[in-house]
Every structure is written in C-alpha cells, then in structure tokens.
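First up is the structure itself, then whatever we jot down about it.
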Amino acid sequence: MMPDAYILGIESSCDETAAAVVRSGQEVLSNVVASQIATHQPYGGVVPELASREHLRAIVPVVRQALAEAKMDYESVDAIAVTQGPGLAGALLVGISFAKALAFALEKPLIAVNHLEGHIHAVLLEQQQVGNADLQFPVLALVVSGGHTHLYLARREQNCWTYQNIGHTRDDAAGEAFDKVAKLLGLGYPGGPIIDGLAPHGNPAAVKFQTSQLKHRDRKRPQLDDRPRFDFSYSGIKTAVLRYVETHNMGPAIAFRRQELLKIEEPKLEDHLRLCDRQTLDLVASFQRSMVEDLVAKTLAAAGEYDVQTLFVSGGVAANQELRATFGRDAEMQGVPVFFPSRSLSTDNAAMIAAAAYPKFLARDFVPMDFSAEAGMALR
Ligand code: KG4
Ligand code: ZN
C-alpha cells in the first residue's frame, strides 16, 4: 500500500491562477481556477505583464479557497507542489514565490512540477478516479494547448516517470492557430472554444487546407533512436486562412463582427452565430477539420511506429469536441485505447500539478528553497 498524501498544487504559468488539493494523485478534493480571460480579451492574446499582476492579485484568495473547499488548512497538507515551467517567467515566479513562502513557514516539502507533465497526469488522475489503474505502457501523450504541441512517449518504473519527445511543433502551437484564426476572423479570444462551438454549423469540406508533412529522422541524435520524429507546423494554415479572407473580400464583414462583439460583455454561441454568414462558418469548419485531421493522423502514425499501448490527449485543445470524436473513432480502428481528461482538467489547472507531484512525493524528490522558474523547461 502506498502512503496517503494530501498535496496542495499551485499553477501560474500562463493566464490562469490555480490551486487544488489532491489526495495521493487520485482524488480531487478541490480545484480552483481564476481565469484572466477578461483581462487579456481586449488584446486578443496574453499580455505577460498583465498576467503577472493578475496572478499577484489572485494567488492568496485562490489558495485559501482551494483549502477551504477541500476542508483542510495549511497545517494539514503534506506537501506543496508548484509549476516550475515552461511558461511566462514573471507569471511562474508568482506561484513559485508563494509556494516557497508556504513551504518555508509550514516546514513542508516543496515539489517542482513541469507544466507539461501536469497535463499528462491530468489524464492519469481521472483514470485513477474511475478505478482504471491498469494502463498499458508505453503511453503516447499528445499535449496540445495554446503554447505547446508535443508528442511524448511516457514510461513508468515504480515512482519514476520518464518522457521522450518524439515530435513537437516547428512554429505555432495548435491552440495558438485556433486563437490567431479566431482573431483574424473577428471572433474574439480565446479562439479555441469559439471555433469549437461554431464549426458544427459549417461545411468542413468547403475549403481545402494543406497541412505540412514533417515525418523525418532525428538527424541530431541518430545513434539514440533511428525511428522518425513526428513534427507539426501550424503557421501555414493560419496564413492560408488569411489569404482566403483577402481573396474573398471578407474584411468588411469581419470588421463589423468585431465591432458588434465588442458591445457584448460576454458573447455566447448565439451571438457569434448571429454575426457569422455561411462563408465564415464554412471557413471555420474547414479550418477545424484540417487541424483535427492533422493532429490525429500524426499522433496515430507515431503510435503505430512506436508500438504504443495507450494514448493520452491533454491540454486546452483536448477540450475540442471534434478532436475527441475523431480520436475516439480512429484510435479505436487502430486498436489503441485513447483517454482524455474532462474539460475542466484539459485546460490549465492545479489539480494536474498536485497529481503529477505524488510520484515525486513518494520518491522524496523535493526541491531546495533556491530553485527558480524555468521559462523554457523541457520534459524528460
Ligand atoms: O492548456 P491551456 O489552458 O493553456 C496553455 O497551456 O496554453 O490551453 C489554452 C489553449 C488556447 O489556445 C485555447 O484556444 C485552446 O487551448 N482551447 C481550445 C478549446 N478550448 C481551449 N481549442 C480548441 N477547442 C477547444 N474547445
Ligand atoms: Zn497548459
């Protein structure tokens, strides 16, 4: 029997201030997320300085709320876990400084977690919650969000998890492409959920977009692994959407839509639908179809090449309905079970950080007080 541990997780890598209490990597006692969407909305993307300021404002109440909802207090947690990177340096430092102060004052162990490992453990956490502890390894994890599009082979030996990156985006992340396309169509921010809602109302076969074929061998490290890598590239599709908009003279309708949406405090799907003509809906549906097909095809090709037993799909874009449905259908045809986190654990949260910290807690993998943020932190 593994010892029980109540871990307080803190996450502040981008535009969400989050805290959660998770028992032994398998039971979420609380999961509080303060979103900064309203702050960044007028700029159509995350503004780093504003993000740090908002984290400073939110961190204390968010942590207090997470403890209160878990019916715990500072003394009763066994360890404090915090995101070390990757992310915005100033934003990460807010969570790290607060976690350090807590750990020091309470004399509790401090655990540093890679944000991407957190996204992977979000899937594991929910599988444990439903009693599916019997996952087959190796696992192939697609982490797909606003800042990342990565494929990792994940292995577990007792309490030690190791990761091998076998693909990543060469330019824009998939979520970034959703956000940029939504912005250029005057749809608002963040674009992923808006496009997700609009796409079923358009014809996905209306416009053909090419996505890049980037299967190649790792020329830098051929001696380590002779198998190909599966990289992604999404800046081309964004440019193709822009070109379509220009050649089809969609500019005036986009400008009108942008103005109208600015007048609505929290636009709903009905508002977007009312302001989108057929051509725009078809374009949105076609864009999403191309993104989904590329993500699924490359992930399943990698799964075949590396003979994986289980697929995890996590990160903000994993909330996308068409992505979930397509993965469900195509992975089943290939005979590989695929698991997603629920929507609330797909986007940034701290329960995933507390869950990823549990194996490190068991391995007594604690960090000293002088550890710092690593904005470009790699996962290994
Ligand atoms: O994981 P996350 O919350 O933050 C990062 O680590 O980046 O992901 C946010 C990203 C944004 O780009 C957002 O547009 C995208 O995930 N996203 C979606 C959906 N929900 C969020 N993309 C497509 N469909 C969605 N339903
Ligand atoms: Zn994330």
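In the structure tokens, each chain is lettered A, B, ... as it comes, each chain's residues begin at 1, and ligands are numbered from 1 in order of appearance.
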Based on the backbone DSSP call, show me all residues of region 32-163 of chain A assigned alpha helix (DSSP H), as an MDAnalysis selection string. chainID A and resid 37:40 48:69 89:106 115:129
Determine, for each residue of chain A having at least one atom at most 10 Å from an atom of ligand 2, the closest pair of atoms and their separation in Å to one decimal, counting only C-alpha atoms and all ligand atoms; order by chain and ascending number, as a tab-separated table.
```
residue	atom	partner	partner_atom_place_in_ligand_line	distance
A:Glu11	CA	ligand 2	1 (Zn)	9.6
A:Ser12	CA	ligand 2	1 (Zn)	9.9
A:Ser13	CA	ligand 2	1 (Zn)	7.9
A:Cys14	CA	ligand 2	1 (Zn)	7.7
A:Asp15	CA	ligand 2	1 (Zn)	9.5
A:Glu16	CA	ligand 2	1 (Zn)	9.3
A:Pro86	CA	ligand 2	1 (Zn)	9.1
A:Gly87	CA	ligand 2	1 (Zn)	8.6
A:His115	CA	ligand 2	1 (Zn)	6.5
A:Leu116	CA	ligand 2	1 (Zn)	6.8
A:Glu117	CA	ligand 2	1 (Zn)	9.8
A:Gly118	CA	ligand 2	1 (Zn)	8.3
A:His119	CA	ligand 2	1 (Zn)	6.6
A:Val143	CA	ligand 2	1 (Zn)	8.3
A:Val144	CA	ligand 2	1 (Zn)	8.1
A:Ser145	CA	ligand 2	1 (Zn)	5.8
A:Gly146	CA	ligand 2	1 (Zn)	7.1
A:Gly147	CA	ligand 2	1 (Zn)	7.1
A:His148	CA	ligand 2	1 (Zn)	7.6
A:Ser314	CA	ligand 2	1 (Zn)	8.7
A:Gly315	CA	ligand 2	1 (Zn)	5.4
A:Gly316	CA	ligand 2	1 (Zn)	6.4
A:Val317	CA	ligand 2	1 (Zn)	9.4
A:Leu345	CA	ligand 2	1 (Zn)	9.9
A:Ser346	CA	ligand 2	1 (Zn)	8.1
A:Thr347	CA	ligand 2	1 (Zn)	6.1
A:Asp348	CA	ligand 2	1 (Zn)	4.7
A:Asn349	CA	ligand 2	1 (Zn)	7.9
A:Met352	CA	ligand 2	1 (Zn)	10.0
```
Using only C-alpha atoms and all ligand atoms, the shortest atom-to-atom distance to ligand 1 among A:Phe361, A:Phe287, A:Phe232, A:Tyr152 belongs to A:Phe287
Which residues come within 10 Å of Pro200 (chain A), counting only C-alpha atoms, excluding same-chain residues fewer than 6 positions away, as an MDAnalysis selection string? chainID A and resid 281:282 284:285 288 321:322
Min atom-atom distance to ligand 1 from the set A:Ala51, A:Val292, A:Cys276, A:Leu29, counting only C-alpha atoms and all ligand atoms, belongs to A:Val292
For ligand 1, the closest of A:Glu270, A:Glu176, A:Asp73, A:Asp330 counting only C-alpha atoms and all ligand atoms is A:Glu176
Expressed in Å, the length from CA of Leu153 (chain A) to CA of Leu93 (chain A) is 28.9 Å
Quiz item: Skipping near chain neighbours, those fewer than 3 positions away, what residues fall within 10 Å of Asp78 (chain A) using only C-alpha atoms, listed as a VMD selection string?
Solution: chain A and resid 4 to 8 23 74 to 75 106 to 110 361
Please save N, CA, C and O atoms of the selected residues as a PDB file, in the first residue's frame.
```pdb
ATOM      1  N   ASP A   4      -0.818   7.585   1.981  1.00  0.00           N
ATOM      2  CA  ASP A   4      -1.661   8.691   1.515  1.00  0.00           C
ATOM      3  C   ASP A   4      -0.906  10.012   1.648  1.00  0.00           C
ATOM      4  O   ASP A   4      -0.119  10.182   2.566  1.00  0.00           O
ATOM      5  N   ALA A   5      -1.161  10.918   0.722  1.00  0.00           N
ATOM      6  CA  ALA A   5      -0.576  12.255   0.843  1.00  0.00           C
ATOM      7  C   ALA A   5      -1.549  13.275   0.278  1.00  0.00           C
ATOM      8  O   ALA A   5      -2.114  13.067  -0.797  1.00  0.00           O
ATOM      9  N   TYR A   6      -1.739  14.340   1.030  1.00  0.00           N
ATOM     10  CA  TYR A   6      -2.598  15.446   0.575  1.00  0.00           C
ATOM     11  C   TYR A   6      -1.675  16.548   0.059  1.00  0.00           C
ATOM     12  O   TYR A   6      -0.926  17.138   0.847  1.00  0.00           O
ATOM     13  N   ILE A   7      -1.713  16.758  -1.248  1.00  0.00           N
ATOM     14  CA  ILE A   7      -0.781  17.723  -1.842  1.00  0.00           C
ATOM     15  C   ILE A   7      -1.540  18.959  -2.321  1.00  0.00           C
ATOM     16  O   ILE A   7      -2.558  18.854  -3.012  1.00  0.00           O
ATOM     17  N   LEU A   8      -1.011  20.127  -1.912  1.00  0.00           N
ATOM     18  CA  LEU A   8      -1.563  21.398  -2.388  1.00  0.00           C
ATOM     19  C   LEU A   8      -0.795  21.775  -3.655  1.00  0.00           C
ATOM     20  O   LEU A   8       0.427  21.931  -3.617  1.00  0.00           O
ATOM     21  N   ARG A  23      -5.639  14.144  -3.232  1.00  0.00           N
ATOM     22  CA  ARG A  23      -5.159  13.066  -2.362  1.00  0.00           C
ATOM     23  C   ARG A  23      -4.492  11.987  -3.195  1.00  0.00           C
ATOM     24  O   ARG A  23      -5.092  11.408  -4.095  1.00  0.00           O
ATOM     25  N   TYR A  74      -3.723  25.026   6.188  1.00  0.00           N
ATOM     26  CA  TYR A  74      -2.314  24.992   5.771  1.00  0.00           C
ATOM     27  C   TYR A  74      -1.558  23.861   6.460  1.00  0.00           C
ATOM     28  O   TYR A  74      -0.705  23.209   5.868  1.00  0.00           O
ATOM     29  N   GLU A  75      -1.889  23.639   7.750  1.00  0.00           N
ATOM     30  CA  GLU A  75      -1.139  22.630   8.518  1.00  0.00           C
ATOM     31  C   GLU A  75      -1.391  21.209   8.026  1.00  0.00           C
ATOM     32  O   GLU A  75      -0.531  20.347   8.144  1.00  0.00           O
ATOM     33  N   LEU A 106       5.678  26.645   6.837  1.00  0.00           N
ATOM     34  CA  LEU A 106       4.975  25.469   7.367  1.00  0.00           C
ATOM     35  C   LEU A 106       5.900  24.272   7.581  1.00  0.00           C
ATOM     36  O   LEU A 106       5.482  23.244   8.097  1.00  0.00           O
ATOM     37  N   GLU A 107       7.146  24.432   7.102  1.00  0.00           N
ATOM     38  CA  GLU A 107       8.126  23.333   7.156  1.00  0.00           C
ATOM     39  C   GLU A 107       7.596  22.088   6.472  1.00  0.00           C
ATOM     40  O   GLU A 107       7.619  20.970   7.001  1.00  0.00           O
ATOM     41  N   LYS A 108       7.078  22.310   5.235  1.00  0.00           N
ATOM     42  CA  LYS A 108       6.561  21.199   4.420  1.00  0.00           C
ATOM     43  C   LYS A 108       7.483  21.015   3.214  1.00  0.00           C
ATOM     44  O   LYS A 108       8.079  21.989   2.734  1.00  0.00           O
ATOM     45  N   PRO A 109       7.546  19.800   2.663  1.00  0.00           N
ATOM     46  CA  PRO A 109       8.362  19.613   1.459  1.00  0.00           C
ATOM     47  C   PRO A 109       7.768  20.345   0.253  1.00  0.00           C
ATOM     48  O   PRO A 109       6.553  20.490   0.135  1.00  0.00           O
ATOM     49  N   LEU A 110       8.685  20.773  -0.632  1.00  0.00           N
ATOM     50  CA  LEU A 110       8.306  21.547  -1.810  1.00  0.00           C
ATOM     51  C   LEU A 110       8.650  20.709  -3.050  1.00  0.00           C
ATOM     52  O   LEU A 110       9.753  20.159  -3.153  1.00  0.00           O
ATOM     53  N   PHE A 361       6.573  12.860  -4.587  1.00  0.00           N
ATOM     54  CA  PHE A 361       6.458  12.833  -3.127  1.00  0.00           C
ATOM     55  C   PHE A 361       6.911  11.471  -2.605  1.00  0.00           C
ATOM     56  O   PHE A 361       7.693  11.369  -1.659  1.00  0.00           O
TER      57      PHE A 361
END
```
Please compute the CA of Pro267 (chain A)-CA of Ala58 (chain A) distance, one decimal, in Å.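 Pair CA of Pro267 (chain A) / CA of Ala58 (chain A) returns 24.3 Å.
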TODO: Find the residues around region 306-311 of chain A up to 9 Å (only C-alpha atoms counted), leave out those fewer than 3 positions away in its own chain, and share them as an NGL selection string.
DONE: :A and (135-142 or 153 or 227 or 299-303 or 331 or 335-340)
| task | Please report, as a PyMOL selection string, each residue of region 72-237 of chain A to which DSSP assigns strand (DSSP E) when run on this structure's backbone. | result | chain A and resi 79-85+110-114+139-144+149-157+160-168+215-217+228-230
Notebook entry, point to check: Using only C-alpha atoms, which of A:Ala122, A:Ala133, A:Ala19, A:Ala297 sits nearest Ala99 (chain A)?
Noted result: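 Looking at the shortest contact to Ala99 (chain A), the residue is A:Ala19.
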Here CA of Ala174 (chain A) and CA of Gly95 (chain A) stand apart by 25.9 Å
Exercise. With distances taken over only C-alpha atoms, which of A:Ser212, A:Ile120, A:Gln26, A:Phe371 is nearest to Arg155 (chain A)?
Worked result: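 Ranked by minimum distance to Arg155 (chain A), first place goes to A:Ile120.
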